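See below for the structure under consideration.
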Amino acid sequence: MSRTIDAVILAAGKGTRMKSDLPKVLHELEGRPLLDHVMDTSAAAGIDRMVVVVGHKSALVEETCGRPGIEFVLQEPQLGTGHAVQMAVPALRSGGYCVVLAGDVPLLRTETLQRLVEGTISSGASAVVLTCVVDDAAAYGRIIKDDQGQVLKIVEAVDATPAELAVGEYNTGVFCFKTEKLIEALGNLKTDNKQGEYYLTDTVAWLVEQGQPVEAVITEDPDEVIGINTVDELAGAATLLARRNS
């Protein structure tokens, strides 16, 4: 990839459901923190600069996962995913692209991330979201498209209508933006939702309203985009990774 590509990795969560005071991204998968797996995937995809948004026990995360090419920024207080990326804006390089990843999604394949970035560059879209299609998308945000298959918006499950909840295509939380368009959209986020937070997903609807194209790249494998929120999910991810590497 010859273009300037930055990654913003969201790693501020406390991870209460892990039943531990350890930051969620520091829980280990095959002997290494979840965050390390995400950073390794980013580096393997050709992304040489990463901005990691930290919060809970930030110093411990920085001490454990610091490496060359990484800048840590603090999100305090934590006001949603959109707010988290806003904290990273001063560290982003202009004129290129920005990938947004979650620090607790360790099974994403390098080739999937490359396909997302290359799809963004080749399509000319302002943003591309990595999606997956299942029968029941449960608590994931739904991808709402028009009749031509163009992405219109992402609706969080808690804010969705029954018709929107019936949609099986969901947001994996992995995005690639033109950096300048991301910054512009982040500056227009509002908190008019049930959580009272700044949703990163609302950047999609805002870009569409401005006439900016937003597209989707689909992964056929829901296992590679699972987020780790509980000890049982961590154990399940270990099983999947062992199977993949066998």
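All residue names refer to the structure tokens as shown: chains lettered A, B, ... in order, residues numbered from 1 in each chain, ligands numbered from 1 in order.
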**Asked** Quick one: DSSP alpha helix (DSSP H) residues in region 145-246 of chain A, as a ChimeraX atom specification?
**Response** /A:162-165,179-186,202-209,231-245
Keeping only N, CA and C atoms, write the selected residues as a CSV table (one decimal), in the first residue's frame.
chain,number,residue,atom,x,y,z
A,162,PRO,N,-38.3,-2.5,14.7
A,162,PRO,CA,-38.4,-3.9,14.4
A,162,PRO,C,-38.0,-4.3,13.0
A,163,ALA,N,-38.3,-3.5,12.0
A,163,ALA,CA,-37.9,-3.8,10.6
A,163,ALA,C,-36.4,-3.7,10.5
A,164,GLU,N,-35.8,-2.8,11.2
A,164,GLU,CA,-34.3,-2.7,11.1
A,164,GLU,C,-33.6,-3.8,11.8
A,165,LEU,N,-34.2,-4.3,12.9
A,165,LEU,CA,-33.7,-5.4,13.6
A,165,LEU,C,-33.8,-6.7,12.8
A,179,THR,N,-9.3,10.1,5.5
A,179,THR,CA,-9.1,10.8,6.8
A,179,THR,C,-9.8,12.2,6.9
A,180,GLU,N,-9.7,13.0,5.8
A,180,GLU,CA,-10.3,14.3,5.9
A,180,GLU,C,-11.8,14.2,6.1
A,181,LYS,N,-12.4,13.2,5.5
A,181,LYS,CA,-13.9,13.0,5.6
A,181,LYS,C,-14.3,12.5,7.0
A,182,LEU,N,-13.4,11.6,7.5
A,182,LEU,CA,-13.7,11.2,8.9
A,182,LEU,C,-13.6,12.3,9.9
A,183,ILE,N,-12.6,13.2,9.8
A,183,ILE,CA,-12.5,14.3,10.7
A,183,ILE,C,-13.7,15.3,10.6
A,184,GLU,N,-14.1,15.5,9.3
A,184,GLU,CA,-15.3,16.4,9.1
A,184,GLU,C,-16.5,15.8,9.7
A,185,ALA,N,-16.7,14.5,9.5
A,185,ALA,CA,-17.9,13.8,10.1
A,185,ALA,C,-17.9,13.8,11.6
A,186,LEU,N,-16.7,13.5,12.2
A,186,LEU,CA,-16.6,13.5,13.6
A,186,LEU,C,-17.0,14.8,14.3
A,202,ASP,N,-22.6,6.9,13.5
A,202,ASP,CA,-23.4,8.0,12.9
A,202,ASP,C,-22.6,8.8,11.9
A,203,THR,N,-21.3,8.6,11.8
A,203,THR,CA,-20.5,9.3,10.7
A,203,THR,C,-21.0,8.8,9.4
A,204,VAL,N,-21.5,7.6,9.3
A,204,VAL,CA,-22.0,7.1,8.0
A,204,VAL,C,-23.2,7.8,7.5
A,205,ALA,N,-24.2,8.0,8.3
A,205,ALA,CA,-25.4,8.7,7.8
A,205,ALA,C,-25.0,10.2,7.5
A,206,TRP,N,-24.2,10.8,8.3
A,206,TRP,CA,-23.8,12.2,8.0
A,206,TRP,C,-23.1,12.3,6.7
A,207,LEU,N,-22.2,11.4,6.4
A,207,LEU,CA,-21.5,11.4,5.1
A,207,LEU,C,-22.5,11.2,3.9
A,208,VAL,N,-23.4,10.3,4.1
A,208,VAL,CA,-24.4,10.1,3.0
A,208,VAL,C,-25.2,11.3,2.8
A,209,GLU,N,-25.6,12.0,3.9
A,209,GLU,CA,-26.4,13.2,3.8
A,209,GLU,C,-25.7,14.3,3.0
A,231,VAL,N,-15.1,-14.1,29.7
A,231,VAL,CA,-14.1,-15.1,29.8
A,231,VAL,C,-14.5,-16.3,28.8
A,232,ASP,N,-15.7,-16.6,28.7
A,232,ASP,CA,-16.2,-17.7,27.8
A,232,ASP,C,-15.9,-17.3,26.4
A,233,GLU,N,-16.1,-16.1,26.0
A,233,GLU,CA,-15.8,-15.6,24.6
A,233,GLU,C,-14.3,-15.7,24.4
A,234,LEU,N,-13.5,-15.4,25.4
A,234,LEU,CA,-12.0,-15.5,25.2
A,234,LEU,C,-11.6,-16.9,25.0
A,235,ALA,N,-12.2,-17.8,25.7
A,235,ALA,CA,-11.9,-19.3,25.6
A,235,ALA,C,-12.3,-19.7,24.2
A,236,GLY,N,-13.5,-19.3,23.7
A,236,GLY,CA,-14.0,-19.6,22.4
A,236,GLY,C,-13.0,-19.1,21.3
A,237,ALA,N,-12.5,-17.9,21.5
A,237,ALA,CA,-11.5,-17.3,20.5
A,237,ALA,C,-10.3,-18.1,20.5
A,238,ALA,N,-9.8,-18.6,21.7
A,238,ALA,CA,-8.6,-19.5,21.7
A,238,ALA,C,-8.8,-20.7,20.9
A,239,THR,N,-10.0,-21.3,21.0
A,239,THR,CA,-10.3,-22.5,20.3
A,239,THR,C,-10.3,-22.3,18.8
A,240,LEU,N,-10.9,-21.2,18.4
A,240,LEU,CA,-10.9,-20.8,16.9
A,240,LEU,C,-9.5,-20.5,16.4
A,241,LEU,N,-8.7,-19.8,17.2
A,241,LEU,CA,-7.4,-19.5,16.7
A,241,LEU,C,-6.5,-20.8,16.6
A,242,ALA,N,-6.6,-21.6,17.6
A,242,ALA,CA,-5.9,-22.9,17.5
A,242,ALA,C,-6.3,-23.7,16.3
A,243,ARG,N,-7.6,-23.7,16.0
A,243,ARG,CA,-8.0,-24.5,14.8
A,243,ARG,C,-7.5,-23.8,13.5
A,244,ARG,N,-7.5,-22.5,13.5
A,244,ARG,CA,-7.0,-21.8,12.3
A,244,ARG,C,-5.5,-22.1,12.1
A,245,ASN,N,-4.7,-22.2,13.2
A,245,ASN,CA,-3.3,-22.4,13.1
A,245,ASN,C,-2.8,-23.8,13.0
**Prompt:** Which polymer residues have any atom within 7 Å of an atom of Val174 (chain A), counting only C-alpha atoms, with same-chain residues fewer than 6 positions away left out, as a PyMOL selection string?
**Reply:** chain A and resi 100-101+129-130
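Here CA of Val214 (chain A) is placed at a distance of 5.6 Å from CA of Ala125 (chain A).
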**Prompt:** Do you know which residues are at most 8 Å from region 198-201 of chain A counting only C-alpha atoms, after dropping those on the same chain fewer than 6 positions away, and could you put them as a list in words?
**Reply:**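 Everything that qualifies: Leu79, Gly80, Thr81, Gly82, His83, Val85, Lys153, Ile154, Val155, Leu186, Leu189, Lys190 and Thr191 of chain A.
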**Message:** Just list as a PyMOL selection string whatever in region 118-158 of chain A DSSP marks as strand (DSSP E).
**Reply:** chain A and resi 127-133+142-145+151-155
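Summary of the local environment: counting only C-alpha atoms, residues at most 10 Å from Asp40 (chain A), other than itself and those fewer than 6 positions away along its chain, are Ile47, Pro106 and Thr110 of chain A.
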Written selection (C-alpha atoms) as an mmCIF file, in the first residue's frame:
data_model
loop_
_atom_site.group_PDB
_atom_site.id
_atom_site.type_symbol
_atom_site.label_atom_id
_atom_site.label_comp_id
_atom_site.auth_asym_id
_atom_site.auth_seq_id
_atom_site.Cartn_x
_atom_site.Cartn_y
_atom_site.Cartn_z
ATOM 1 C CA ILE A 47 -0.185 0.067 8.328
ATOM 2 C CA PRO A 106 -8.230 -10.284 17.770
ATOM 3 C CA THR A 110 -4.716 -9.550 7.589
#
**Message:** Excluding Lys145 (chain A) and its own-chain neighbours fewer than 4 positions away, which residues fall within 10 Å of it when counting only C-alpha atoms? Please give them as a ChimeraX atom specification.
**Reply:** /A:149-154,167,169,215-216
List the neighbours of Ile70 (chain A) out to 7 Å using only C-alpha atoms; skip same-chain residues closer than 2 positions along the sequence, and give me the result as a PDB file with N, CA and C atoms, in the first residue's frame.
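Resulting contents of selection13.pdb:
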ATOM      1  N   ARG A  49       1.554   3.194  11.112  1.00  0.00           N
ATOM      2  CA  ARG A  49       1.298   4.130  12.216  1.00  0.00           C
ATOM      3  C   ARG A  49      -0.046   3.817  12.839  1.00  0.00           C
ATOM      4  N   MET A  50      -0.042   3.614  14.157  1.00  0.00           N
ATOM      5  CA  MET A  50      -1.264   3.286  14.878  1.00  0.00           C
ATOM      6  C   MET A  50      -1.439   4.236  16.053  1.00  0.00           C
ATOM      7  N   VAL A  51      -2.659   4.673  16.232  1.00  0.00           N
ATOM      8  CA  VAL A  51      -3.026   5.518  17.365  1.00  0.00           C
ATOM      9  C   VAL A  51      -3.966   4.694  18.236  1.00  0.00           C
ATOM     10  N   GLY A  66       3.308  -1.032  24.324  1.00  0.00           N
ATOM     11  CA  GLY A  66       4.030  -0.021  23.565  1.00  0.00           C
ATOM     12  C   GLY A  66       5.021  -0.643  22.594  1.00  0.00           C
ATOM     13  N   ARG A  67       5.156  -0.031  21.431  1.00  0.00           N
ATOM     14  CA  ARG A  67       6.117  -0.493  20.411  1.00  0.00           C
ATOM     15  C   ARG A  67       6.339   0.666  19.447  1.00  0.00           C
ATOM     16  N   PRO A  68       7.366   0.600  18.616  1.00  0.00           N
ATOM     17  CA  PRO A  68       7.605   1.675  17.638  1.00  0.00           C
ATOM     18  C   PRO A  68       6.409   1.851  16.705  1.00  0.00           C
ATOM     19  N   PHE A  72      -0.192   6.619  21.897  1.00  0.00           N
ATOM     20  CA  PHE A  72      -1.337   6.419  22.773  1.00  0.00           C
ATOM     21  C   PHE A  72      -1.995   7.763  23.070  1.00  0.00           C
TER      22      PHE A  72
END
**Message:** Between CA of Thr230 (chain A) and CA of Leu107 (chain A), what distance in Å does the model show, to one decimal?
**Reply:**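 About the pair CA of Thr230 (chain A) and CA of Leu107 (chain A): they are 15.4 Å apart.
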**Item:** Residue with smallest distance to Pro213 (chain A) - pool A:Gly187, A:Gly196, A:Gly141, A:Gly124, counting only C-alpha atoms
**Value:**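 With only C-alpha atoms as the atom set, the closest residue is A:Gly124.
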Surrounding residues of Arg115 (chain A) excluding itself and chain neighbours under 6 positions, 12 Å, only C-alpha atoms, as a tab-separated table (two decimals) with N, CA and C atoms, in the first residue's frame:
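Output contents, as saved in out10.tsv:
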chain	number	residue	atom	x	y	z
A	1	MET	N	0.84	-1.19	0.00
A	1	MET	CA	0.00	0.00	0.00
A	1	MET	C	0.88	1.25	0.00
A	45	ALA	N	-0.81	-5.77	7.57
A	45	ALA	CA	-1.59	-5.22	6.46
A	45	ALA	C	-0.91	-4.01	5.83
A	46	GLY	N	0.24	-3.62	6.36
A	46	GLY	CA	0.99	-2.51	5.78
A	46	GLY	C	0.74	-1.17	6.44
A	99	VAL	N	-8.00	3.67	9.16
A	99	VAL	CA	-8.72	2.46	9.55
A	99	VAL	C	-9.09	2.58	11.02
A	108	LEU	N	-9.35	-10.93	13.44
A	108	LEU	CA	-9.46	-10.36	12.10
A	108	LEU	C	-8.25	-10.76	11.27
A	109	ARG	N	-8.50	-11.23	10.07
A	109	ARG	CA	-7.41	-11.67	9.19
A	109	ARG	C	-6.76	-10.48	8.49
A	121	ILE	N	-9.74	2.58	-1.29
A	121	ILE	CA	-8.92	3.36	-2.21
A	121	ILE	C	-9.42	3.24	-3.65
A	122	SER	N	-9.72	2.01	-4.07
A	122	SER	CA	-10.11	1.79	-5.46
A	122	SER	C	-11.51	2.31	-5.78
A	123	SER	N	-12.39	2.30	-4.78
A	123	SER	CA	-13.79	2.72	-5.02
A	123	SER	C	-13.96	4.23	-5.01
A	128	VAL	N	-15.76	3.02	4.00
A	128	VAL	CA	-16.20	1.65	3.74
A	128	VAL	C	-16.25	0.93	5.08
A	129	VAL	N	-17.34	0.23	5.32
A	129	VAL	CA	-17.50	-0.51	6.57
A	129	VAL	C	-17.42	-1.99	6.27
A	130	LEU	N	-16.71	-2.71	7.12
A	130	LEU	CA	-16.65	-4.16	7.01
A	130	LEU	C	-17.91	-4.72	7.67
A	174	VAL	N	-15.30	-2.45	12.12
A	174	VAL	CA	-14.06	-2.19	11.38
A	174	VAL	C	-14.39	-1.28	10.20
A	175	PHE	N	-13.70	-0.15	10.10
A	175	PHE	CA	-13.98	0.85	9.07
A	175	PHE	C	-12.70	1.28	8.39
A	176	CYS	N	-12.85	1.82	7.18
A	176	CYS	CA	-11.77	2.58	6.56
A	176	CYS	C	-12.37	3.86	5.99
A	216	ALA	N	-19.91	-0.98	1.55
A	216	ALA	CA	-19.67	-2.08	2.47
A	216	ALA	C	-18.80	-3.13	1.80
A	217	VAL	N	-17.91	-3.70	2.58
A	217	VAL	CA	-17.15	-4.88	2.19
A	217	VAL	C	-17.57	-5.99	3.15
A	218	ILE	N	-17.96	-7.12	2.62
A	218	ILE	CA	-18.51	-8.19	3.45
A	218	ILE	C	-17.46	-9.26	3.72
A	219	THR	N	-17.36	-9.69	4.96
A	219	THR	CA	-16.61	-10.89	5.29
A	219	THR	C	-17.59	-12.04	5.43
**Request:** May I ask which of the residues A:Met87, A:Val8, A:Cys132, A:Leu74 is the closest one to Ala59 (chain A), counting only C-alpha atoms?
**Result:**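 For Ala59 (chain A), the nearest of the given residues is A:Leu74.
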**Request:** Take CA of Thr172 (chain A) and CA of Asp221 (chain A) and report the distance between them in Å, one decimal.
**Result:**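 Straight-line distance from CA of Thr172 (chain A) to CA of Asp221 (chain A) works out to 11.1 Å.
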